$ cat target_33.txt   # compact mmCIF, C-alpha atoms
# COMPACT_ATOMS: atom_id res chain seq x y z
CA MET C 1 -32.97 7.08 -100.84
CA ALA C 2 -29.56 8.65 -101.14
CA ILE C 3 -26.72 9.28 -98.75
CA SER C 4 -27.16 12.55 -96.89
CA ILE C 5 -24.00 14.06 -95.40
CA THR C 6 -23.77 17.30 -93.47
CA THR C 7 -20.37 18.60 -92.42
CA ALA C 8 -20.54 18.56 -88.66
CA MET C 9 -18.81 17.93 -85.39
CA PRO C 10 -20.67 14.99 -83.85
CA THR C 11 -22.37 15.91 -80.61
CA SER C 12 -21.03 12.73 -79.04
CA PHE C 13 -17.49 13.91 -79.89
CA LYS C 14 -18.01 17.11 -77.90
CA VAL C 15 -19.07 15.10 -74.89
CA GLU C 16 -16.13 12.75 -75.33
CA LEU C 17 -13.73 15.70 -75.43
CA MET C 18 -14.98 16.75 -72.01
CA LYS C 19 -14.43 13.20 -70.81
CA GLY C 20 -10.85 13.29 -72.07
CA LEU C 21 -11.30 10.35 -74.43
CA HIS C 22 -9.41 11.73 -77.46
CA ASN C 23 -5.69 12.38 -77.69
CA PHE C 24 -4.72 14.39 -80.74
CA THR C 25 -1.00 14.67 -80.00
CA GLY C 26 1.08 13.79 -83.04
CA ALA C 27 2.44 10.59 -81.56
CA SER C 28 -1.00 9.15 -80.83
CA ASN C 29 -1.34 7.80 -84.38
CA ARG C 30 -4.92 6.67 -83.93
CA PHE C 31 -7.23 8.72 -86.14
CA LYS C 32 -8.51 7.40 -89.44
CA MET C 33 -10.48 8.76 -92.35
CA ALA C 34 -12.99 6.57 -94.17
CA LEU C 35 -14.81 7.53 -97.36
CA PHE C 36 -18.52 7.34 -98.15
CA LYS C 37 -19.92 5.98 -101.39
CA ALA C 38 -21.38 8.19 -104.08
CA THR C 39 -24.56 9.97 -103.01
CA ALA C 40 -26.89 7.80 -105.03
CA SER C 41 -25.21 4.55 -104.00
CA GLY C 42 -26.37 4.50 -100.39
CA SER C 43 -29.10 5.62 -98.03
CA GLY C 44 -27.73 6.74 -94.67
CA THR C 45 -27.87 10.15 -93.01
CA PHE C 46 -24.67 11.44 -91.43
CA GLY C 47 -23.90 14.58 -89.46
CA ALA C 48 -24.00 15.81 -85.89
CA ALA C 49 -25.88 12.70 -84.77
CA THR C 50 -23.24 10.31 -86.11
CA THR C 51 -21.46 8.66 -83.23
CA ASN C 52 -19.31 5.83 -84.56
CA TYR C 53 -17.53 4.47 -87.65
CA SER C 54 -19.73 1.38 -87.48
CA GLN C 55 -22.68 3.51 -88.60
CA MET C 56 -21.13 3.91 -92.05
CA GLY C 57 -21.98 0.27 -92.71
CA SER C 58 -22.75 -0.36 -96.37
CA ASP C 59 -22.45 3.36 -97.11
CA GLU C 60 -18.65 3.10 -96.95
CA LEU C 61 -16.78 2.60 -100.20
CA PRO C 62 -16.04 -1.07 -100.78
CA THR C 63 -12.49 -2.37 -100.76
CA ALA C 64 -11.48 -2.06 -104.39
CA THR C 65 -9.55 0.01 -106.91
CA GLY C 66 -7.37 1.94 -104.53
CA TYR C 67 -9.62 2.07 -101.45
CA THR C 68 -9.46 -0.27 -98.47
CA GLN C 69 -12.34 -0.30 -95.99
CA GLN C 70 -11.73 1.43 -92.66
CA GLY C 71 -9.83 4.06 -94.65
CA LYS C 72 -6.41 5.48 -94.04
CA LEU C 73 -4.54 6.53 -90.93
CA LEU C 74 -4.30 10.28 -90.46
CA THR C 75 -1.20 12.04 -89.23
CA SER C 76 -2.41 14.46 -86.60
CA VAL C 77 -0.68 17.68 -85.68
CA THR C 78 -0.31 18.24 -81.97
CA PRO C 79 -2.92 20.75 -80.79
CA THR C 80 -1.80 24.32 -80.28
CA ALA C 81 -3.41 27.68 -79.52
CA ASP C 82 -3.99 30.45 -82.02
CA GLY C 83 -4.99 33.43 -79.94
CA THR C 84 -7.70 32.15 -77.64
CA THR C 85 -8.69 29.24 -79.90
CA ALA C 86 -7.36 25.72 -79.52
CA ILE C 87 -6.70 24.10 -82.88
CA THR C 88 -5.54 20.84 -84.35
CA THR C 89 -5.27 19.52 -87.88
CA PHE C 90 -4.02 16.60 -89.94
CA SER C 91 -1.57 16.18 -92.79
CA ALA C 92 -3.03 15.89 -96.28
CA LEU C 93 -4.13 12.36 -97.17
CA THR C 94 -3.89 10.78 -100.64
CA TRP C 95 -5.40 7.67 -102.18
CA THR C 96 -3.15 6.81 -105.12
CA SER C 97 -3.87 4.75 -108.25
CA SER C 98 -7.56 4.90 -107.48
CA SER C 99 -10.88 4.69 -109.28
CA PHE C 100 -13.95 5.53 -107.22
CA THR C 101 -16.63 8.10 -106.53
CA THR C 102 -17.09 9.45 -103.03
CA SER C 103 -19.36 12.06 -101.46
CA GLY C 104 -17.81 12.58 -98.04
CA ALA C 105 -15.61 11.31 -95.25
CA LEU C 106 -15.69 10.36 -91.61
CA ILE C 107 -12.81 10.99 -89.23
CA TYR C 108 -12.87 8.57 -86.35
CA ASP C 109 -10.72 7.56 -83.39
CA THR C 110 -9.46 3.98 -83.37
CA GLY C 111 -8.14 4.61 -79.87
CA ASP C 112 -11.66 5.18 -78.57
CA SER C 113 -13.69 2.32 -80.03
CA ASN C 114 -13.92 4.00 -83.47
CA SER C 115 -15.95 6.93 -82.17
CA ALA C 116 -16.74 9.64 -84.72
CA CYS C 117 -14.80 12.92 -84.58
CA ALA C 118 -15.89 14.79 -87.70
CA VAL C 119 -18.25 14.27 -90.60
CA LEU C 120 -17.15 15.93 -93.84
CA SER C 121 -19.32 16.51 -96.87
CA PHE C 122 -17.53 17.08 -100.16
CA GLY C 123 -20.45 19.13 -101.44
CA GLY C 124 -21.25 16.52 -104.07
CA ASP C 125 -19.73 13.45 -105.64
CA GLN C 126 -15.99 13.49 -106.30
CA THR C 127 -14.74 11.02 -108.90
CA VAL C 128 -11.23 9.80 -109.53
CA SER C 129 -10.35 7.45 -112.39
CA SER C 130 -6.96 5.74 -112.48
CA GLY C 131 -5.49 8.67 -110.61
CA ASP C 132 -4.96 10.25 -107.22
CA PHE C 133 -7.54 11.53 -104.76
CA GLN C 134 -6.31 13.91 -102.09
CA ILE C 135 -7.91 15.52 -99.06
CA GLN C 136 -6.33 18.79 -97.97
CA PHE C 137 -7.03 20.17 -94.56
CA PRO C 138 -7.32 23.91 -93.97
CA SER C 139 -4.38 25.78 -92.49
CA ALA C 140 -4.03 25.47 -88.73
CA ALA C 141 -5.46 28.83 -87.70
CA ALA C 142 -8.24 29.97 -85.37
CA ALA C 143 -10.58 30.78 -88.24
CA SER C 144 -9.96 27.71 -90.37
CA ALA C 145 -8.47 24.65 -88.65
CA ILE C 146 -10.32 21.40 -89.18
CA ILE C 147 -10.96 20.98 -85.45
CA ARG C 148 -11.03 23.97 -83.16
CA ILE C 149 -12.38 25.02 -79.79
CA ALA C 150 -13.09 28.74 -79.60
CA MET Z 151 -28.43 38.85 -60.16
CA THR Z 152 -25.21 38.31 -62.07
CA MET Z 153 -25.13 35.72 -64.79
CA ILE Z 154 -21.78 34.23 -65.72
CA SER Z 155 -21.37 32.53 -69.05
CA THR Z 156 -18.67 31.71 -71.54
CA VAL Z 157 -19.08 31.95 -75.27
CA GLY Z 158 -17.30 29.61 -77.62
CA GLY Z 159 -17.76 26.42 -79.46
CA VAL Z 160 -16.24 23.31 -80.89
CA GLN Z 161 -16.12 23.73 -84.63
CA VAL Z 162 -15.16 21.78 -87.69
CA GLY Z 163 -13.31 23.38 -90.62
CA ILE Z 164 -13.68 22.86 -94.33
CA ALA Z 165 -11.50 20.23 -95.96
CA THR Z 166 -10.99 20.38 -99.72
CA THR Z 167 -10.54 17.59 -102.21
CA SER Z 168 -8.42 17.36 -105.33
CA THR Z 169 -8.56 14.65 -107.93
CA VAL Z 170 -6.56 13.90 -111.03
CA SER Z 171 -7.53 11.08 -113.35
CA GLY Z 172 -5.26 9.04 -115.58
CA ARG Z 173 -2.14 10.30 -113.81
CA GLY Z 174 -0.78 11.37 -110.43
CA PHE Z 175 -0.32 14.86 -109.06
CA THR Z 176 2.42 17.02 -110.55
CA PRO Z 177 5.02 18.79 -108.39
CA GLU Z 178 3.33 22.10 -109.22
CA GLU Z 179 -0.08 20.85 -108.03
CA LEU Z 180 1.32 19.40 -104.82
CA ALA Z 181 3.32 22.55 -104.14
CA GLU Z 182 0.12 24.57 -104.43
CA HIS Z 183 -1.56 22.29 -101.88
CA ALA Z 184 1.45 22.55 -99.57
CA VAL Z 185 1.68 26.34 -99.51
CA ASN Z 186 -2.06 26.68 -99.01
CA GLU Z 187 -1.79 24.40 -95.98
CA VAL Z 188 1.26 26.15 -94.55
CA ILE Z 189 0.43 29.79 -95.23
CA SER Z 190 -2.96 31.33 -94.55
CA ILE Z 191 -3.50 35.01 -95.29
CA GLY Z 192 -6.43 36.63 -93.54
CA ASN Z 193 -8.74 38.90 -95.54
CA ASN Z 194 -8.72 41.42 -92.71
CA SER Z 195 -4.94 41.79 -92.63
CA HIS Z 196 -3.38 45.17 -93.49
CA PRO Z 197 -2.81 45.40 -97.29
CA VAL Z 198 0.94 45.80 -96.84
CA ILE Z 199 1.10 42.71 -94.67
CA GLN Z 200 -1.06 40.83 -97.20
CA ALA Z 201 1.31 41.81 -100.02
CA GLN Z 202 4.33 40.68 -98.02
CA ALA Z 203 2.63 37.41 -97.17
CA GLU Z 204 1.69 36.80 -100.82
CA ALA Z 205 5.29 37.45 -101.89
CA PHE Z 206 6.56 35.07 -99.22
CA LYS Z 207 4.01 32.47 -100.34
CA GLU Z 208 5.28 32.71 -103.92
CA ASP Z 209 8.87 32.24 -102.75
CA ILE Z 210 7.90 29.17 -100.74
CA ARG Z 211 5.88 27.79 -103.67
CA ALA Z 212 8.94 28.05 -105.95
CA VAL Z 213 11.21 26.34 -103.43
CA VAL Z 214 8.75 23.52 -102.72
CA THR Z 215 8.07 22.98 -106.44
CA ASN Z 216 11.77 22.75 -107.16
CA TYR Z 217 12.38 20.19 -104.43
CA LEU Z 218 9.36 18.13 -105.47
CA ARG Z 219 10.67 18.03 -109.04
CA GLN Z 220 14.02 16.87 -107.70
CA ALA Z 221 12.27 14.20 -105.62
CA VAL Z 222 10.51 12.87 -108.74
CA ALA Z 223 13.76 12.87 -110.71
CA SER Z 224 15.60 11.19 -107.86
CA HIS Z 225 12.90 8.54 -107.49
CA ASN Z 226 13.10 7.88 -111.22
CA THR Z 227 16.80 7.19 -110.75
CA THR Z 228 15.91 4.62 -108.11
CA LEU Z 229 13.30 3.05 -110.39
CA THR Z 230 15.78 3.01 -113.29
CA ASN Z 231 18.20 1.00 -111.18
CA ARG Z 232 15.46 -1.38 -110.04
CA PHE Z 233 14.22 -2.00 -113.61
CA THR Z 234 17.77 -2.53 -114.82
CA ASP Z 235 18.68 -4.83 -111.93
CA ALA Z 236 15.48 -6.82 -112.60
CA GLY Z 237 16.53 -7.34 -116.22
CA HIS Z 238 14.02 -4.90 -117.77
CA PRO Z 239 16.04 -1.89 -118.92
CA GLU Z 240 13.50 -1.28 -121.68
CA LEU Z 241 11.01 -0.13 -119.02
CA VAL Z 242 13.24 2.84 -118.22
CA LYS Z 243 11.88 4.55 -121.32
CA LEU Z 244 8.47 4.71 -119.62
CA LEU Z 245 9.95 7.04 -117.03
CA GLU Z 246 11.07 9.60 -119.58
CA VAL Z 247 8.80 12.65 -119.64

$ encode --input "target_33.txt" --output "structure tokens"
Amino acid sequence: MAISITTAMPTSFKVELMKGLHNFTGASNRFKMALFKATASGSGTFGAATTNYSQMGSDELPTATGYTQQGKLLTSVTPTADGTTAITTFSALTWTSSSFTTSGALIYDTGDSNSACAVLSFGGDQTVSSGDFQIQFPSAAAASAIIRIA
Amino acid sequence: MTMISTVGGVQVGIATTSTVSGRGFTPEELAEHAVNEVISIGNNSHPVIQAQAEAFKEDIRAVVTNYLRQAVASHNTTLTNRFTDAGHPELVKLLEV
């Protein structure tokens, strides 16, 4: 088996939004991004049905060579409107002095029992060796923002 | 019978990854990431507006690159002082590009 990751907004996250469980304002400082192992190094399936960080289990990169389990804290940008679409995004995130191979990431909310907010596939394994690994989020616009409600 | 509905959706965008091995990112690479995050030019925009936006993007790229280079140089000054204060002035040579 291999890790299967589909970029998706977890269904549970949509429900939680309607319950008012997530606060994306910049000062909330509660969202994290954790990285999955290389595709062939695990076996889980992640996507719309993913509900919580705990499901990453052994499919998360181990703590070593630049990566620490549970990932890094994201800096969120306070939600705004672009036309009739509500959008929010995060600042770019960098793992420095790193050596690892990853196939995707999970954004989750530490302020809501580590519930999953977004599953991101990198479209294949991404390898960094004694260097920097950076995630860039799309520009905060109605057609591109990382999280948007149209 | 009248049916009332709303159309919309909660969507996730596409994040991109960049890796460099054996070194860190250069000011030019980071400036590229920064302007792409700050300035988005729609494909459906009027060509004149697109051209103006591209020109503005280039101006911003040059300014950001310049300041990032200055940040690296300034940080190297800080490191030079730390190495020297720690009794290892020979390490300063490692900072020379």

$ residues_around --input "target_33.txt" --residues "Asn194 (chain Z)" --least-positions-apart "5" --cutoff "12 Å" --atoms "all atoms listed in the file" --output "MDAnalysis selection string"
(chainID C and resid 143) or (chainID Z and resid 199:200)

$ residues_around --input "target_33.txt" --residues "region 211-221 of chain Z" --least-positions-apart "5" --cutoff "10 Å" --atoms "all atoms listed in the file" --output "PyMOL selection string"
chain Z and resi 176-186+205-206+226-227

$ residues_around --input "target_33.txt" --residues "region 111-128 of chain C" --least-positions-apart "4" --cutoff "6 Å" --atoms "all atoms listed in the file" --output "VMD selection string"
(chain C and resid 5 to 9 13 30 38 47 51 to 53 99 to 107) or (chain Z and resid 169 171)

$ write_last_selection --input "target_33.txt" --atoms "C-alpha atoms" --output "PDB file, keeping the file's coordinate frame"
ATOM      1  CA  ILE C   5     -24.000  14.060 -95.400  1.00  0.00           C
ATOM      2  CA  THR C   6     -23.770  17.300 -93.470  1.00  0.00           C
ATOM      3  CA  THR C   7     -20.370  18.600 -92.420  1.00  0.00           C
ATOM      4  CA  ALA C   8     -20.540  18.560 -88.660  1.00  0.00           C
ATOM      5  CA  MET C   9     -18.810  17.930 -85.390  1.00  0.00           C
ATOM      6  CA  PHE C  13     -17.490  13.910 -79.890  1.00  0.00           C
ATOM      7  CA  ARG C  30      -4.920   6.670 -83.930  1.00  0.00           C
ATOM      8  CA  ALA C  38     -21.380   8.190-104.080  1.00  0.00           C
ATOM      9  CA  GLY C  47     -23.900  14.580 -89.460  1.00  0.00           C
ATOM     10  CA  THR C  51     -21.460   8.660 -83.230  1.00  0.00           C
ATOM     11  CA  ASN C  52     -19.310   5.830 -84.560  1.00  0.00           C
ATOM     12  CA  TYR C  53     -17.530   4.470 -87.650  1.00  0.00           C
ATOM     13  CA  SER C  99     -10.880   4.690-109.280  1.00  0.00           C
ATOM     14  CA  PHE C 100     -13.950   5.530-107.220  1.00  0.00           C
ATOM     15  CA  THR C 101     -16.630   8.100-106.530  1.00  0.00           C
ATOM     16  CA  THR C 102     -17.090   9.450-103.030  1.00  0.00           C
ATOM     17  CA  SER C 103     -19.360  12.060-101.460  1.00  0.00           C
ATOM     18  CA  GLY C 104     -17.810  12.580 -98.040  1.00  0.00           C
ATOM     19  CA  ALA C 105     -15.610  11.310 -95.250  1.00  0.00           C
ATOM     20  CA  LEU C 106     -15.690  10.360 -91.610  1.00  0.00           C
ATOM     21  CA  ILE C 107     -12.810  10.990 -89.230  1.00  0.00           C
TER      22      ILE C 107
ATOM     23  CA  THR Z 169      -8.560  14.650-107.930  1.00  0.00           C
ATOM     24  CA  SER Z 171      -7.530  11.080-113.350  1.00  0.00           C
TER      25      SER Z 171
END

$ atom_distance --input "target_33.txt" --atom1 "CA of Ser97 (chain C)" --atom2 "CA of Met33 (chain C)"
17.7 Å

$ atom_distance --input "target_33.txt" --atom1 "CA of Glu187 (chain Z)" --atom2 "CA of Ile210 (chain Z)"
11.8 Å

$ closest_residue --input "target_33.txt" --among "C:Ala27, C:Ala142, C:Met18, C:Ala150" --to "Thr75 (chain C)" --atoms "only C-alpha atoms"
C:Ala27

$ atom_distance --input "target_33.txt" --atom1 "CA of Gly57 (chain C)" --atom2 "CA of Pro10 (chain C)"
17.2 Å

$ closest_residue --input "target_33.txt" --among "C:Ser12, C:Thr39, C:Gln69, C:Ser58" --to "chain Z" --atoms "all atoms listed in the file"
C:Ser12

$ interface_residues --input "target_33.txt" --of "chain C" --to "chain Z" --cutoff "6 Å" --atoms "all atoms listed in the file" --output "list in words"
Met9, Val128, Ser129, Ser130, Gly131, Asp132, Phe133, Gln134, Ile135, Gln136, Phe137, Pro138, Ser139, Ser144, Ala145, Ile146, Ile147, Arg148, Ile149 and Ala150 of chain C

$ write_last_selection --input "target_33.txt" --atoms "C-alpha atoms" --output "mmCIF file, in the coordinates of the input"
data_model
loop_
_atom_site.group_PDB
_atom_site.id
_atom_site.type_symbol
_atom_site.label_atom_id
_atom_site.label_comp_id
_atom_site.auth_asym_id
_atom_site.auth_seq_id
_atom_site.Cartn_x
_atom_site.Cartn_y
_atom_site.Cartn_z
ATOM 1 C CA MET C 9 -18.810 17.930 -85.390
ATOM 2 C CA VAL C 128 -11.230 9.800 -109.530
ATOM 3 C CA SER C 129 -10.350 7.450 -112.390
ATOM 4 C CA SER C 130 -6.960 5.740 -112.480
ATOM 5 C CA GLY C 131 -5.490 8.670 -110.610
ATOM 6 C CA ASP C 132 -4.960 10.250 -107.220
ATOM 7 C CA PHE C 133 -7.540 11.530 -104.760
ATOM 8 C CA GLN C 134 -6.310 13.910 -102.090
ATOM 9 C CA ILE C 135 -7.910 15.520 -99.060
ATOM 10 C CA GLN C 136 -6.330 18.790 -97.970
ATOM 11 C CA PHE C 137 -7.030 20.170 -94.560
ATOM 12 C CA PRO C 138 -7.320 23.910 -93.970
ATOM 13 C CA SER C 139 -4.380 25.780 -92.490
ATOM 14 C CA SER C 144 -9.960 27.710 -90.370
ATOM 15 C CA ALA C 145 -8.470 24.650 -88.650
ATOM 16 C CA ILE C 146 -10.320 21.400 -89.180
ATOM 17 C CA ILE C 147 -10.960 20.980 -85.450
ATOM 18 C CA ARG C 148 -11.030 23.970 -83.160
ATOM 19 C CA ILE C 149 -12.380 25.020 -79.790
ATOM 20 C CA ALA C 150 -13.090 28.740 -79.600
#

$ axis_aligned_box --input "target_33.txt" --around "region 229-241 of chain Z" --padding-each-side "3 Å" --output "lines of an AutoDock Vina configuration file"
center_x = 14.8
center_y = -2.1
center_z = -115.9
size_x = 13.7
size_y = 16.4
size_z = 17.6
